[in-house]
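Participant: Dropping a structure here in C-alpha coordinates format, bear with me for questions.
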Amino acid sequence: MIALLPKKDGATRMNDCRPISLIHSIAKLITKVLSMKQAAIMDKIISPAQTAFQRGKCTHDSYLYVQNSA
(Lines give C-alpha, C1' and ligand atoms only; values in the text may rest on other atoms or scores of the structure.)
Protein backbone atom coordinates (compact mmCIF):
# COMPACT_ATOMS: atom_id res chain seq x y z
CA MET A 1 0.00 0.00 0.00
CA ILE A 2 1.33 3.40 -0.99
CA ALA A 3 -0.25 6.77 -0.32
CA LEU A 4 0.71 9.96 -2.12
CA LEU A 5 1.08 13.11 -0.05
CA PRO A 6 1.14 16.42 -1.93
CA LYS A 7 4.32 18.47 -1.54
CA LYS A 8 2.47 21.72 -2.27
CA ASP A 9 -1.09 22.96 -2.65
CA GLY A 10 -2.77 22.15 -5.94
CA ALA A 11 -0.52 19.21 -6.81
CA THR A 12 -1.60 17.81 -10.17
CA ARG A 13 1.43 15.86 -11.38
CA MET A 14 3.18 12.83 -9.93
CA ASN A 15 6.33 14.92 -9.33
CA ASP A 16 4.29 17.16 -6.99
CA CYS A 17 3.56 14.23 -4.64
CA ARG A 18 5.63 12.30 -2.11
CA PRO A 19 5.02 8.53 -1.87
CA ILE A 20 4.62 7.09 1.63
CA SER A 21 4.66 3.36 2.32
CA LEU A 22 1.90 2.12 4.64
CA ILE A 23 2.92 -1.55 4.73
CA HIS A 24 4.40 -1.61 8.25
CA SER A 25 2.22 1.12 9.75
CA ILE A 26 0.31 -1.22 12.10
CA ALA A 27 3.54 -2.69 13.48
CA LYS A 28 4.98 0.80 13.95
CA LEU A 29 1.84 1.92 15.78
CA ILE A 30 1.91 -1.08 18.14
CA THR A 31 5.63 -0.57 18.80
CA LYS A 32 5.09 3.12 19.59
CA VAL A 33 2.27 2.37 22.05
CA LEU A 34 4.30 -0.31 23.82
CA SER A 35 7.38 1.90 24.08
CA MET A 36 5.34 4.76 25.55
CA LYS A 37 3.88 2.42 28.18
CA GLN A 38 7.32 1.04 28.99
CA ALA A 39 8.82 4.53 29.34
CA ALA A 40 6.31 5.31 32.09
CA ILE A 41 7.61 2.47 34.31
CA MET A 42 11.27 2.55 33.26
CA ASP A 43 12.47 4.37 36.41
CA LYS A 44 10.99 1.63 38.62
CA ILE A 45 12.65 -1.19 36.66
CA ILE A 46 16.17 0.19 36.19
CA SER A 47 18.66 0.73 39.03
CA PRO A 48 19.47 4.35 39.96
CA ALA A 49 23.13 3.58 39.18
CA GLN A 50 22.24 2.83 35.54
CA THR A 51 22.47 5.95 33.40
CA ALA A 52 22.62 4.73 29.81
CA PHE A 53 19.49 4.75 27.66
CA GLN A 54 17.44 6.79 30.13
CA ARG A 55 15.90 10.12 29.33
CA GLY A 56 17.31 12.96 31.41
CA LYS A 57 20.48 11.13 32.48
CA CYS A 58 23.99 11.21 31.07
CA THR A 59 27.16 9.18 31.54
CA HIS A 60 28.61 11.89 33.78
CA ASP A 61 25.93 11.00 36.35
CA SER A 62 27.38 7.48 36.73
CA TYR A 63 30.86 8.93 37.29
CA LEU A 64 29.51 11.09 40.11
CA TYR A 65 27.65 8.08 41.57
CA VAL A 66 30.84 6.00 41.67
CA GLN A 67 32.91 8.86 43.06
CA ASN A 68 30.42 9.50 45.88
CA SER A 69 30.17 5.83 46.83
CA ALA A 70 33.96 5.41 47.29
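Each chain of the C-alpha coordinates is named A, B, ... in the order shown, its residues numbered from 1; ligands are numbered from 1 in display order.
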Please give the complete set of residues from chain A that DSSP, run on the backbone, assigns to helix (DSSP H, G or I), formatted as a PyMOL selection string.
Facilitator: chain A and resi 14-16+25-45+59-69
Participant: Just N, CA, C and O atoms for this one: save the residues we selected as a tab-separated table (two decimals), in the first residue's frame.
Facilitator:
```
chain	number	residue	atom	x	y	z
A	14	MET	N	2.57	13.82	-10.82
A	14	MET	CA	3.18	12.83	-9.93
A	14	MET	C	4.42	13.40	-9.25
A	14	MET	O	4.72	13.06	-8.11
A	15	ASN	N	5.13	14.31	-9.92
A	15	ASN	CA	6.33	14.92	-9.33
A	15	ASN	C	5.98	15.84	-8.17
A	15	ASN	O	6.85	16.18	-7.38
A	16	ASP	N	4.73	16.27	-8.07
A	16	ASP	CA	4.29	17.16	-6.99
A	16	ASP	C	3.89	16.38	-5.74
A	16	ASP	O	3.50	16.99	-4.75
A	25	SER	N	2.77	0.08	8.87
A	25	SER	CA	2.22	1.12	9.75
A	25	SER	C	1.57	0.54	11.00
A	25	SER	O	1.67	1.14	12.08
A	26	ILE	N	0.93	-0.61	10.92
A	26	ILE	CA	0.31	-1.22	12.10
A	26	ILE	C	1.38	-1.67	13.09
A	26	ILE	O	1.26	-1.43	14.30
A	27	ALA	N	2.45	-2.27	12.60
A	27	ALA	CA	3.54	-2.69	13.48
A	27	ALA	C	4.21	-1.49	14.13
A	27	ALA	O	4.57	-1.53	15.31
A	28	LYS	N	4.38	-0.41	13.39
A	28	LYS	CA	4.98	0.80	13.95
A	28	LYS	C	4.08	1.41	15.02
A	28	LYS	O	4.57	1.89	16.04
A	29	LEU	N	2.78	1.38	14.81
A	29	LEU	CA	1.84	1.92	15.78
A	29	LEU	C	1.87	1.10	17.08
A	29	LEU	O	1.93	1.66	18.17
A	30	ILE	N	1.86	-0.21	16.96
A	30	ILE	CA	1.91	-1.08	18.14
A	30	ILE	C	3.22	-0.88	18.88
A	30	ILE	O	3.24	-0.79	20.11
A	31	THR	N	4.33	-0.78	18.17
A	31	THR	CA	5.63	-0.57	18.80
A	31	THR	C	5.67	0.75	19.54
A	31	THR	O	6.20	0.84	20.65
A	32	LYS	N	5.11	1.80	18.95
A	32	LYS	CA	5.09	3.12	19.59
A	32	LYS	C	4.27	3.09	20.88
A	32	LYS	O	4.68	3.65	21.90
A	33	VAL	N	3.12	2.45	20.86
A	33	VAL	CA	2.27	2.37	22.05
A	33	VAL	C	2.97	1.61	23.16
A	33	VAL	O	2.98	2.03	24.32
A	34	LEU	N	3.59	0.48	22.82
A	34	LEU	CA	4.30	-0.31	23.82
A	34	LEU	C	5.50	0.43	24.40
A	34	LEU	O	5.75	0.37	25.61
A	35	SER	N	6.23	1.17	23.56
A	35	SER	CA	7.38	1.90	24.08
A	35	SER	C	6.96	3.06	24.97
A	35	SER	O	7.64	3.37	25.95
A	36	MET	N	5.82	3.68	24.69
A	36	MET	CA	5.34	4.76	25.55
A	36	MET	C	4.89	4.21	26.91
A	36	MET	O	5.14	4.83	27.94
A	37	LYS	N	4.27	3.04	26.91
A	37	LYS	CA	3.88	2.42	28.18
A	37	LYS	C	5.10	2.00	28.98
A	37	LYS	O	5.13	2.13	30.20
A	38	GLN	N	6.11	1.48	28.31
A	38	GLN	CA	7.32	1.04	28.99
A	38	GLN	C	8.09	2.23	29.55
A	38	GLN	O	8.67	2.14	30.63
A	39	ALA	N	8.09	3.35	28.87
A	39	ALA	CA	8.82	4.53	29.34
A	39	ALA	C	8.24	5.06	30.65
A	39	ALA	O	8.97	5.61	31.47
A	40	ALA	N	6.95	4.84	30.86
A	40	ALA	CA	6.31	5.31	32.09
A	40	ALA	C	6.79	4.54	33.32
A	40	ALA	O	6.83	5.09	34.42
A	41	ILE	N	7.17	3.28	33.16
A	41	ILE	CA	7.61	2.47	34.31
A	41	ILE	C	9.11	2.20	34.31
A	41	ILE	O	9.60	1.46	35.15
A	42	MET	N	9.85	2.81	33.40
A	42	MET	CA	11.27	2.55	33.26
A	42	MET	C	12.06	2.90	34.52
A	42	MET	O	12.99	2.17	34.91
A	43	ASP	N	11.73	3.97	35.21
A	43	ASP	CA	12.47	4.37	36.41
A	43	ASP	C	12.31	3.36	37.54
A	43	ASP	O	13.21	3.23	38.38
A	44	LYS	N	11.21	2.63	37.58
A	44	LYS	CA	10.99	1.63	38.62
A	44	LYS	C	11.76	0.34	38.33
A	44	LYS	O	12.12	-0.38	39.25
A	45	ILE	N	12.00	0.05	37.07
A	45	ILE	CA	12.65	-1.19	36.66
A	45	ILE	C	14.17	-1.10	36.74
A	45	ILE	O	14.83	-2.02	37.20
A	59	THR	N	26.12	10.05	31.01
A	59	THR	CA	27.16	9.18	31.54
A	59	THR	C	27.93	9.87	32.66
A	59	THR	O	28.51	9.20	33.52
A	60	HIS	N	27.94	11.17	32.70
A	60	HIS	CA	28.61	11.89	33.78
A	60	HIS	C	27.94	11.61	35.13
A	60	HIS	O	28.59	11.61	36.17
A	61	ASP	N	26.65	11.34	35.11
A	61	ASP	CA	25.93	11.00	36.35
A	61	ASP	C	26.49	9.73	36.98
A	61	ASP	O	26.60	9.64	38.20
A	62	SER	N	26.84	8.73	36.17
A	62	SER	CA	27.38	7.48	36.73
A	62	SER	C	28.77	7.72	37.31
A	62	SER	O	29.13	7.11	38.31
A	63	TYR	N	29.55	8.60	36.73
A	63	TYR	CA	30.86	8.93	37.29
A	63	TYR	C	30.69	9.56	38.67
A	63	TYR	O	31.40	9.20	39.61
A	64	LEU	N	29.75	10.47	38.82
A	64	LEU	CA	29.51	11.09	40.11
A	64	LEU	C	28.99	10.08	41.13
A	64	LEU	O	29.34	10.12	42.30
A	65	TYR	N	28.17	9.13	40.69
A	65	TYR	CA	27.65	8.08	41.57
A	65	TYR	C	28.78	7.22	42.12
A	65	TYR	O	28.84	6.93	43.31
A	66	VAL	N	29.71	6.83	41.26
A	66	VAL	CA	30.84	6.00	41.67
A	66	VAL	C	31.77	6.79	42.59
A	66	VAL	O	32.25	6.27	43.60
A	67	GLN	N	32.02	8.03	42.25
A	67	GLN	CA	32.91	8.86	43.06
A	67	GLN	C	32.34	9.10	44.47
A	67	GLN	O	33.08	9.08	45.44
A	68	ASN	N	31.05	9.27	44.58
A	68	ASN	CA	30.42	9.50	45.88
A	68	ASN	C	30.32	8.24	46.72
A	68	ASN	O	30.27	8.30	47.94
A	69	SER	N	30.30	7.08	46.08
A	69	SER	CA	30.17	5.83	46.83
A	69	SER	C	31.53	5.35	47.38
A	69	SER	O	31.57	4.52	48.27
```
Participant: When DSSP works through the backbone of this structure, what residues of chain A end up as strand (DSSP E), shown as a list of chain:residue names?
Facilitator: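 Restricting chain A to strand (DSSP E) produces A:Ile2, A:Ala3, A:Leu4, A:Leu5, A:Pro6, A:Cys17, A:Arg18, A:Pro19, A:Ile20, A:Ser21.
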Participant: Looking at only C-alpha atoms, which of A:Cys58, A:Ala3, A:Ile46, A:Ala52 is the one that sits closest to Arg18 (chain A)?
Facilitator: A:Ala3
Participant: For CA of Arg55 (chain A) and CA of His24 (chain A), determine how far apart the two atoms are, in Å to one decimal place.
Facilitator: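 Distance reported for this atom pair: 26.7 Å.
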